[in-house]
Amino acid sequence: MNGDATVVGGGLAGLVAATHLAEVGADVTLYERRPEVGGRVRTETVDGFTLDRGFQVLFSNYPAVKRELGAGGLDDLDLRTFAPGATICRPGSRSTLGDPLRDPLSAIPSLLNDEVSFSDKLRTLALRYDLANRDEDEFFAGPDAPIREYLRDWGFADDYVENFVEPFYGGITLDRTLSTSKHVFEYTFRAMGRGSIGVPAEGMAALPAALADRAREAGVEIETGEDVDAVRIAGQGRIPFRSGAADADGATVELADGSTRETDAVVVATSPPEARRLTGVESVPTEGVPNVTGWYALPAGESFETGERILLNAAEESPNAVVPMSEVAPEYAPDDRPLLAATFLGEDSLERDEEALRGDVREALDAWFPERDVSGLETLDVHRIRFAQFAQPPGVHADLPDVDDPDGPVTLAGDYTEWSSIQGALESGRKAAEAAAEHL
């Protein structure tokens with residue numbers, strides 16, 4: 001196949017779309033406005049510590065992750081995995097809720113955990129069995145409901161929901177009220193039962209870096225530091241596109257520096273607000289859910305073992321959870337210093353100052369680990385992300401745009417065409433490339 005394709009945006013979806021187009025024979029150029037690719041998946045180094053942009057993890061069982069990284073791809077990332085389950089924390093109390101099927105050593109402490117009833121533990125296994133036997137195309141289709149209502153219909157007690165699901169899925173959906181679509185719960189719950197959750201040894205930016213390497217190997221030319229100002233359909237004016245333009249012969253990409261690129265097909269793989277601006281597709285969701293992640297270090301030699309499990313705050317909402325990053329991934333921290341990430345939810349957390357957030361974390365750790373000294377807790381950085389995910393209330397997935405919704409030879413690539421996740425972004429990139437290839 002011959003032809004010229006342009007990808008606007010170097011996040012996960014854009015990198016995958018570019019790779020697939022190059023692999024079918026197109027000449028592909030990708031423009032990314034930042035100095036590096038990755039989009040929302042980025043990593044920085046502060047005083048020798050590896051800090052991801054917000055607390056992010058990789059689900060090893062996501063089908064698109066396996067497909068796009070290829071054979072040995074996950075091994076190349078050197079994934080550092082969390083122990084299944086979590087530790088439920090409240091003042092003076094820590095209790096393990098593990099997965100005895102994947103972590104037999106957690107069976108006895110999980111059985112003795114009095115935060116969750118025995119009947120709810122059995123329901124969890126029944127739910128796991130039910131979801132494990134569903135086909136991939138059964139998810140994100142059919143009737144929808146909030147997660148809280150879905151769990152109530154399954155018969156789970158309020159204690160189980162409040163003590164475990166609220167903080168645990170509050171971290172996944174950034175919504176401790178559990179008003180997010182049950183489809184997100186079902187898909188991620190199944191993925192956790194089938195695989196691991198972890199981070200690459202070099203940080204989450206290793207994922208887009210691996211995708212970029214694959215794109216370059218396929219022949220993609222990646223241009224960073226290049227912002228796209230507009231996309232025009234051949235023979236027509238500036239977007240929003242007019243109806244009836246589906247058969248237009250090519251498009252023009254206008255860069256912010258005034259230069260232009262003529263191309264047969266365009267994949268718009270930018271943030272949702274920018275994608276709506278460039279394409280005029282009104283169904284692109286622009287309502288975001290915020291997240292704040294604080295990164296904290298303790299002095300060298302301070303022991304902070306948690307069994308490599310996330311610490312869930314069952315008593316308070318701030319912080320929602322504390323994550324023992326250096327225990328799971330020692331490469332994240334220098335000089336034997338414990339590194340912790342704490343997550344804060346809701347709009348209010350965006351406005352709180354660093355000292356107030358650190359105070360909440362230190363107070364929680366003091367209450368959970370009275371035998372340890374956390375007075376030396378140091379703030380390394382605080383990431384305030386106003387658009388960490390697009391909002392996913394029940395029913396939202398039925399109204400998301402299709403990759404080929406824009407007029408003319410233009411397609412969309414982004415998790416906002418699937419669901420807000422790494423899986424959604426990667427899958428969208430593949431589908432966008434297939435649609436764009438029709439215009440080559």
# chains A, B, ... in the order shown; residues from 1 in each chain; ligands from 1
>>> closest_atom_pairs(of="range 47-101 of chain A", to="range 174-188 of chain A", cutoff="10 Å", atoms="only C-alpha atoms", output="Markdown table")
| residue | atom | partner | partner_atom | distance |
| --- | --- | --- | --- | --- |
| A:Phe59 | CA | A:Thr188 | CA | 8.5 |
| A:Asn61 | CA | A:Thr188 | CA | 9.6 |
| A:Tyr62 | CA | A:Thr188 | CA | 8.9 |
>>> residues_around(residues="Asp373 in chain A", least_positions_apart="3", cutoff="10 Å", atoms="only C-alpha atoms", output="ChimeraX atom specification")
/A:298-299,302-304,362,365-366,369-370,376-377
>>> select_by_dssp(residues="range 132-349 of chain A", states="alpha helix (DSSP H)", output="VMD selection string")
chain A and resid 132 147 to 154 158 to 160 166 to 173 182 to 194 206 to 218 272 to 279 325 to 328 347 to 349
>>> residues_around(residues="Ala391 in chain A", least_positions_apart="4", cutoff="9 Å", atoms="only C-alpha atoms", output="short mmCIF file (atom, residue, chain, number, x, y, z; two decimals) with C-alpha atoms, in the first residue's frame")
data_model
loop_
_atom_site.label_atom_id
_atom_site.label_comp_id
_atom_site.auth_asym_id
_atom_site.auth_seq_id
_atom_site.Cartn_x
_atom_site.Cartn_y
_atom_site.Cartn_z
CA THR A 173 -11.56 5.52 38.51
CA THR A 180 -18.48 5.46 37.56
CA PRO A 285 -15.75 14.17 25.83
CA THR A 286 -14.14 17.20 27.41
CA GLU A 287 -15.34 16.81 31.01
CA GLY A 288 -12.31 15.63 32.96
CA VAL A 289 -11.78 14.00 36.33
CA VAL A 396 -21.11 7.30 28.58
CA SER A 420 -10.29 5.86 29.79
#
>>> residues_around(residues="range 319-332 of chain A", least_positions_apart="3", cutoff="8 Å", atoms="only C-alpha atoms", output="PDB file with C-alpha atoms, in the first residue's frame")
ATOM      1  CA  PHE A  49      14.014   9.649  42.306  1.00  0.00           C
ATOM      2  CA  THR A  50      11.856   8.351  39.453  1.00  0.00           C
ATOM      3  CA  LEU A  51       8.448  10.004  39.561  1.00  0.00           C
ATOM      4  CA  ARG A  80       7.953  -4.556  38.825  1.00  0.00           C
ATOM      5  CA  THR A  81       4.651  -5.915  40.112  1.00  0.00           C
ATOM      6  CA  PHE A  82       2.520  -5.266  43.163  1.00  0.00           C
ATOM      7  CA  PRO A 167     -10.516   3.469  48.219  1.00  0.00           C
ATOM      8  CA  PHE A 168      -9.286   0.776  45.807  1.00  0.00           C
ATOM      9  CA  GLY A 170     -11.337   5.329  43.926  1.00  0.00           C
ATOM     10  CA  GLY A 171      -7.715   5.022  42.848  1.00  0.00           C
ATOM     11  CA  VAL A 199       5.417  -0.362  36.751  1.00  0.00           C
ATOM     12  CA  ALA A 201      11.743  -0.464  36.344  1.00  0.00           C
ATOM     13  CA  GLU A 202      12.621   2.778  34.523  1.00  0.00           C
ATOM     14  CA  GLY A 203       9.208   4.386  35.059  1.00  0.00           C
ATOM     15  CA  PHE A 304       8.854   0.681  55.226  1.00  0.00           C
ATOM     16  CA  GLU A 305       7.788  -2.819  54.238  1.00  0.00           C
ATOM     17  CA  THR A 306       4.130  -3.331  53.292  1.00  0.00           C
ATOM     18  CA  GLU A 308       4.355  -4.775  48.269  1.00  0.00           C
ATOM     19  CA  ARG A 309       0.665  -3.883  48.562  1.00  0.00           C
ATOM     20  CA  ILE A 310      -1.147  -0.582  48.159  1.00  0.00           C
ATOM     21  CA  LEU A 311      -2.277   0.931  51.474  1.00  0.00           C
ATOM     22  CA  LEU A 312      -5.973   1.859  51.353  1.00  0.00           C
ATOM     23  CA  ASN A 313      -7.336   4.558  53.651  1.00  0.00           C
ATOM     24  CA  GLU A 316     -10.544   9.012  55.774  1.00  0.00           C
ATOM     25  CA  ARG A 337      15.526   5.891  50.671  1.00  0.00           C
ATOM     26  CA  PRO A 338      11.861   4.767  50.792  1.00  0.00           C
ATOM     27  CA  LEU A 339       9.709   6.429  48.125  1.00  0.00           C
ATOM     28  CA  LEU A 340       5.949   6.723  48.593  1.00  0.00           C
ATOM     29  CA  ALA A 341       3.201   8.014  46.326  1.00  0.00           C
ATOM     30  CA  ALA A 342      -0.042   9.286  47.832  1.00  0.00           C
ATOM     31  CA  THR A 343      -3.204   9.916  45.841  1.00  0.00           C
ATOM     32  CA  PHE A 344      -5.801  12.592  46.544  1.00  0.00           C
ATOM     33  CA  LEU A 345      -9.186  12.761  44.828  1.00  0.00           C
ATOM     34  CA  LEU A 357      -1.209  17.342  51.674  1.00  0.00           C
ATOM     35  CA  ASP A 360      -2.458  14.319  55.747  1.00  0.00           C
ATOM     36  CA  VAL A 361      -0.011  11.659  54.588  1.00  0.00           C
ATOM     37  CA  ALA A 364      -2.218   8.709  58.182  1.00  0.00           C
TER      38      ALA A 364
END
>>> residues_around(residues="Glu68 in chain A", least_positions_apart="5", cutoff="8 Å", atoms="only C-alpha atoms", output="NGL selection string")
:A and (16 or 211 or 426)
>>> closest_residue(among="A:Ala230, A:Gly424, A:Leu77, A:Phe139", to="Glu274 in chain A", atoms="only C-alpha atoms")
A:Ala230
>>> closest_residue(among="A:Asp415, A:Ala18, A:Leu30, A:Asp144", to="Arg261 in chain A", atoms="only C-alpha atoms")
A:Leu30
>>> closest_residue(among="A:Asp229, A:Asp405, A:Glu115, A:Asp137", to="Ser93 in chain A", atoms="only C-alpha atoms")
A:Glu115
>>> closest_atom_pairs(of="range 217-331 of chain A", to="range 427-430 of chain A", cutoff="12 Å", atoms="only C-alpha atoms", output="CSV")
residue,atom,partner,partner_atom,distance
A:Val267,CA,A:Gly429,CA,8.9
A:Val268,CA,A:Gly429,CA,10.0
A:Ala269,CA,A:Gly429,CA,8.1
A:Thr270,CA,A:Gly429,CA,11.4
>>> write_last_selection(atoms="C-alpha atoms", output="PDB file, in the first residue's frame")
ATOM      1  CA  VAL A 267      -5.021  10.722  12.490  1.00  0.00           C
ATOM      2  CA  VAL A 268      -5.834  13.201  15.266  1.00  0.00           C
ATOM      3  CA  ALA A 269      -4.484  11.678  18.486  1.00  0.00           C
ATOM      4  CA  THR A 270      -4.374  14.700  20.779  1.00  0.00           C
TER       5      THR A 270
END
>>> select_by_dssp(residues="range 103-277 of chain A", states="strand (DSSP E or B)", output="ChimeraX atom specification")
/A:146,181,197-200,221-224,228-233,238,251-255,260-263,265-268
>>> write_last_selection(atoms="N, CA, C and O atoms", output="short mmCIF file (atom, residue, chain, number, x, y, z; two decimals), in the first residue's frame")
data_model
loop_
_atom_site.label_atom_id
_atom_site.label_comp_id
_atom_site.auth_asym_id
_atom_site.auth_seq_id
_atom_site.Cartn_x
_atom_site.Cartn_y
_atom_site.Cartn_z
N PRO A 146 -24.10 2.51 38.00
CA PRO A 146 -22.93 2.89 38.80
C PRO A 146 -22.33 1.66 39.48
O PRO A 146 -23.03 0.68 39.77
N SER A 181 -19.18 4.13 35.66
CA SER A 181 -19.79 3.00 34.96
C SER A 181 -19.30 1.65 35.47
O SER A 181 -18.11 1.44 35.67
N ILE A 197 -0.33 -6.19 38.09
CA ILE A 197 -0.30 -4.74 37.99
C ILE A 197 1.09 -4.30 38.42
O ILE A 197 1.60 -4.74 39.45
N GLY A 198 1.71 -3.46 37.60
CA GLY A 198 3.06 -3.05 37.97
C GLY A 198 3.51 -1.81 37.25
O GLY A 198 2.73 -1.14 36.56
N VAL A 199 4.78 -1.51 37.42
CA VAL A 199 5.42 -0.36 36.75
C VAL A 199 6.74 -0.83 36.16
O VAL A 199 7.43 -1.68 36.73
N PRO A 200 7.13 -0.29 35.00
CA PRO A 200 8.46 -0.61 34.47
C PRO A 200 9.55 -0.12 35.42
O PRO A 200 9.38 0.90 36.09
N GLU A 221 8.47 8.75 10.95
CA GLU A 221 9.30 9.91 11.28
C GLU A 221 8.61 10.68 12.40
O GLU A 221 7.50 11.18 12.22
N ILE A 222 9.23 10.73 13.57
CA ILE A 222 8.64 11.39 14.74
C ILE A 222 9.27 12.76 14.91
O ILE A 222 10.49 12.89 15.07
N GLU A 223 8.42 13.79 14.85
CA GLU A 223 8.88 15.17 15.00
C GLU A 223 8.33 15.73 16.32
O GLU A 223 7.13 15.96 16.46
N THR A 224 9.20 15.90 17.31
CA THR A 224 8.76 16.47 18.59
C THR A 224 8.96 17.98 18.58
O THR A 224 9.69 18.53 17.75
N VAL A 228 0.55 21.43 15.97
CA VAL A 228 -0.32 21.54 14.81
C VAL A 228 -1.42 22.54 15.11
O VAL A 228 -2.13 22.43 16.13
N ASP A 229 -1.58 23.51 14.23
CA ASP A 229 -2.56 24.57 14.44
C ASP A 229 -3.92 24.23 13.85
O ASP A 229 -4.95 24.60 14.41
N ALA A 230 -3.96 23.53 12.72
CA ALA A 230 -5.23 23.25 12.06
C ALA A 230 -5.08 22.09 11.09
O ALA A 230 -3.97 21.76 10.66
N VAL A 231 -6.22 21.49 10.76
CA VAL A 231 -6.31 20.46 9.72
C VAL A 231 -7.39 20.89 8.74
O VAL A 231 -8.49 21.24 9.15
N ARG A 232 -7.05 20.89 7.45
CA ARG A 232 -8.01 21.30 6.42
C ARG A 232 -8.20 20.15 5.44
O ARG A 232 -7.24 19.50 5.04
N ILE A 233 -9.45 19.95 5.05
CA ILE A 233 -9.75 18.98 4.01
C ILE A 233 -9.46 19.63 2.66
O ILE A 233 -9.77 20.80 2.45
N ARG A 238 -11.26 25.79 6.68
CA ARG A 238 -10.79 25.33 7.98
C ARG A 238 -11.90 24.59 8.71
O ARG A 238 -13.08 24.80 8.48
N ALA A 251 -5.75 16.00 2.66
CA ALA A 251 -5.91 17.07 3.64
C ALA A 251 -4.60 17.82 3.78
O ALA A 251 -3.54 17.37 3.33
N THR A 252 -4.69 18.98 4.42
CA THR A 252 -3.51 19.79 4.71
C THR A 252 -3.39 19.97 6.21
O THR A 252 -4.35 20.34 6.88
N VAL A 253 -2.22 19.69 6.73
CA VAL A 253 -1.94 19.91 8.15
C VAL A 253 -1.12 21.18 8.26
O VAL A 253 -0.06 21.31 7.64
N GLU A 254 -1.65 22.14 9.04
CA GLU A 254 -0.97 23.43 9.23
C GLU A 254 -0.27 23.44 10.59
O GLU A 254 -0.92 23.28 11.63
N LEU A 255 1.04 23.64 10.58
CA LEU A 255 1.80 23.68 11.81
C LEU A 255 1.82 25.09 12.38
O LEU A 255 1.59 26.07 11.67
N THR A 260 3.20 23.89 6.21
CA THR A 260 2.07 23.00 5.95
C THR A 260 2.59 21.66 5.43
O THR A 260 3.71 21.54 4.95
N ARG A 261 1.74 20.66 5.54
CA ARG A 261 2.05 19.32 5.04
C ARG A 261 0.82 18.78 4.32
O ARG A 261 -0.26 18.71 4.92
N GLU A 262 0.98 18.42 3.08
CA GLU A 262 -0.10 17.78 2.32
C GLU A 262 -0.05 16.28 2.60
O GLU A 262 1.02 15.67 2.58
N THR A 263 -1.20 15.70 2.82
CA THR A 263 -1.23 14.30 3.23
C THR A 263 -2.51 13.63 2.75
O THR A 263 -3.53 14.30 2.52
N ALA A 265 -4.06 11.13 4.51
CA ALA A 265 -4.89 10.80 5.67
C ALA A 265 -4.28 11.41 6.91
O ALA A 265 -3.06 11.54 7.03
N VAL A 266 -5.15 11.80 7.85
CA VAL A 266 -4.72 12.40 9.11
C VAL A 266 -5.34 11.62 10.26
O VAL A 266 -6.53 11.33 10.25
N VAL A 267 -4.53 11.29 11.24
CA VAL A 267 -5.02 10.72 12.49
C VAL A 267 -4.81 11.77 13.57
O VAL A 267 -3.68 12.20 13.83
N VAL A 268 -5.91 12.23 14.18
CA VAL A 268 -5.83 13.20 15.27
C VAL A 268 -5.81 12.42 16.58
O VAL A 268 -6.79 11.77 16.94
#
>>> residues_around(residues="Glu354 in chain A", least_positions_apart="4", cutoff="8 Å", atoms="only C-alpha atoms", output="CSV table (one decimal) with N, CA, C and O atoms, in the first residue's frame")
chain,number,residue,atom,x,y,z
A,358,ARG,N,1.0,16.9,52.6
A,358,ARG,CA,2.0,16.2,53.3
A,358,ARG,C,1.6,15.9,54.8
A,358,ARG,O,1.8,14.8,55.3
A,379,THR,N,8.6,16.1,51.0
A,379,THR,CA,7.8,16.2,49.7
A,379,THR,C,8.8,16.4,48.6
A,379,THR,O,9.6,17.3,48.6
A,382,VAL,N,4.6,17.4,43.7
A,382,VAL,CA,3.1,17.2,43.8
A,382,VAL,C,2.6,17.4,42.3
A,382,VAL,O,2.8,18.5,41.8
>>> closest_residue(among="A:Pro401, A:Ser196, A:Tyr169, A:Arg386", to="Leu74 in chain A", atoms="only C-alpha atoms")
A:Ser196
>>> decode(residues="range 413-428 of chain A", atoms="N, CA, C and O atoms", output="mmCIF file, in the first residue's frame")
data_model
loop_
_atom_site.group_PDB
_atom_site.id
_atom_site.type_symbol
_atom_site.label_atom_id
_atom_site.label_comp_id
_atom_site.auth_asym_id
_atom_site.auth_seq_id
_atom_site.Cartn_x
_atom_site.Cartn_y
_atom_site.Cartn_z
ATOM 1 N N ALA A 413 -7.936 9.099 17.265
ATOM 2 C CA ALA A 413 -7.273 8.070 18.064
ATOM 3 C C ALA A 413 -7.095 8.600 19.481
ATOM 4 O O ALA A 413 -6.477 9.638 19.686
ATOM 5 N N GLY A 414 -7.655 7.907 20.442
ATOM 6 C CA GLY A 414 -7.553 8.314 21.836
ATOM 7 C C GLY A 414 -8.436 7.434 22.670
ATOM 8 O O GLY A 414 -9.412 6.853 22.170
ATOM 9 N N ASP A 415 -8.135 7.328 23.966
ATOM 10 C CA ASP A 415 -8.963 6.467 24.802
ATOM 11 C C ASP A 415 -10.408 6.939 24.850
ATOM 12 O O ASP A 415 -11.313 6.157 25.152
ATOM 13 N N TYR A 416 -10.651 8.205 24.463
ATOM 14 C CA TYR A 416 -12.012 8.738 24.477
ATOM 15 C C TYR A 416 -12.877 8.154 23.363
ATOM 16 O O TYR A 416 -14.052 8.509 23.255
ATOM 17 N N THR A 417 -12.346 7.280 22.531
ATOM 18 C CA THR A 417 -13.174 6.521 21.583
ATOM 19 C C THR A 417 -13.454 5.113 22.110
ATOM 20 O O THR A 417 -14.205 4.357 21.483
ATOM 21 N N GLU A 418 -12.867 4.750 23.262
ATOM 22 C CA GLU A 418 -13.036 3.418 23.846
ATOM 23 C C GLU A 418 -13.466 3.525 25.312
ATOM 24 O O GLU A 418 -14.628 3.482 25.620
ATOM 25 N N TRP A 419 -12.493 3.670 26.192
ATOM 26 C CA TRP A 419 -12.714 3.941 27.618
ATOM 27 C C TRP A 419 -11.409 4.438 28.192
ATOM 28 O O TRP A 419 -10.350 4.219 27.608
ATOM 29 N N SER A 420 -11.462 5.144 29.300
ATOM 30 C CA SER A 420 -10.293 5.860 29.789
ATOM 31 C C SER A 420 -9.311 4.902 30.449
ATOM 32 O O SER A 420 -9.465 4.525 31.614
ATOM 33 N N SER A 421 -8.290 4.515 29.685
ATOM 34 C CA SER A 421 -7.307 3.557 30.175
ATOM 35 C C SER A 421 -6.196 3.411 29.142
ATOM 36 O O SER A 421 -6.315 3.853 27.998
ATOM 37 N N ILE A 422 -5.107 2.752 29.537
ATOM 38 C CA ILE A 422 -4.053 2.418 28.591
ATOM 39 C C ILE A 422 -4.591 1.451 27.541
ATOM 40 O O ILE A 422 -4.292 1.577 26.354
ATOM 41 N N GLN A 423 -5.393 0.486 27.968
ATOM 42 C CA GLN A 423 -6.011 -0.438 27.020
ATOM 43 C C GLN A 423 -6.830 0.316 25.980
ATOM 44 O O GLN A 423 -6.728 0.058 24.772
ATOM 45 N N GLY A 424 -7.641 1.276 26.434
ATOM 46 C CA GLY A 424 -8.474 2.041 25.511
ATOM 47 C C GLY A 424 -7.652 2.842 24.521
ATOM 48 O O GLY A 424 -7.982 2.909 23.334
ATOM 49 N N ALA A 425 -6.562 3.453 24.987
ATOM 50 C CA ALA A 425 -5.717 4.248 24.093
ATOM 51 C C ALA A 425 -5.059 3.374 23.032
ATOM 52 O O ALA A 425 -5.050 3.718 21.840
ATOM 53 N N LEU A 426 -4.502 2.245 23.444
ATOM 54 C CA LEU A 426 -3.815 1.371 22.490
ATOM 55 C C LEU A 426 -4.792 0.786 21.473
ATOM 56 O O LEU A 426 -4.494 0.720 20.271
ATOM 57 N N GLU A 427 -5.947 0.353 21.948
ATOM 58 C CA GLU A 427 -6.938 -0.225 21.041
ATOM 59 C C GLU A 427 -7.446 0.818 20.056
ATOM 60 O O GLU A 427 -7.635 0.538 18.867
ATOM 61 N N SER A 428 -7.647 2.030 20.524
ATOM 62 C CA SER A 428 -8.109 3.105 19.651
ATOM 63 C C SER A 428 -7.094 3.407 18.564
ATOM 64 O O SER A 428 -7.457 3.660 17.405
#
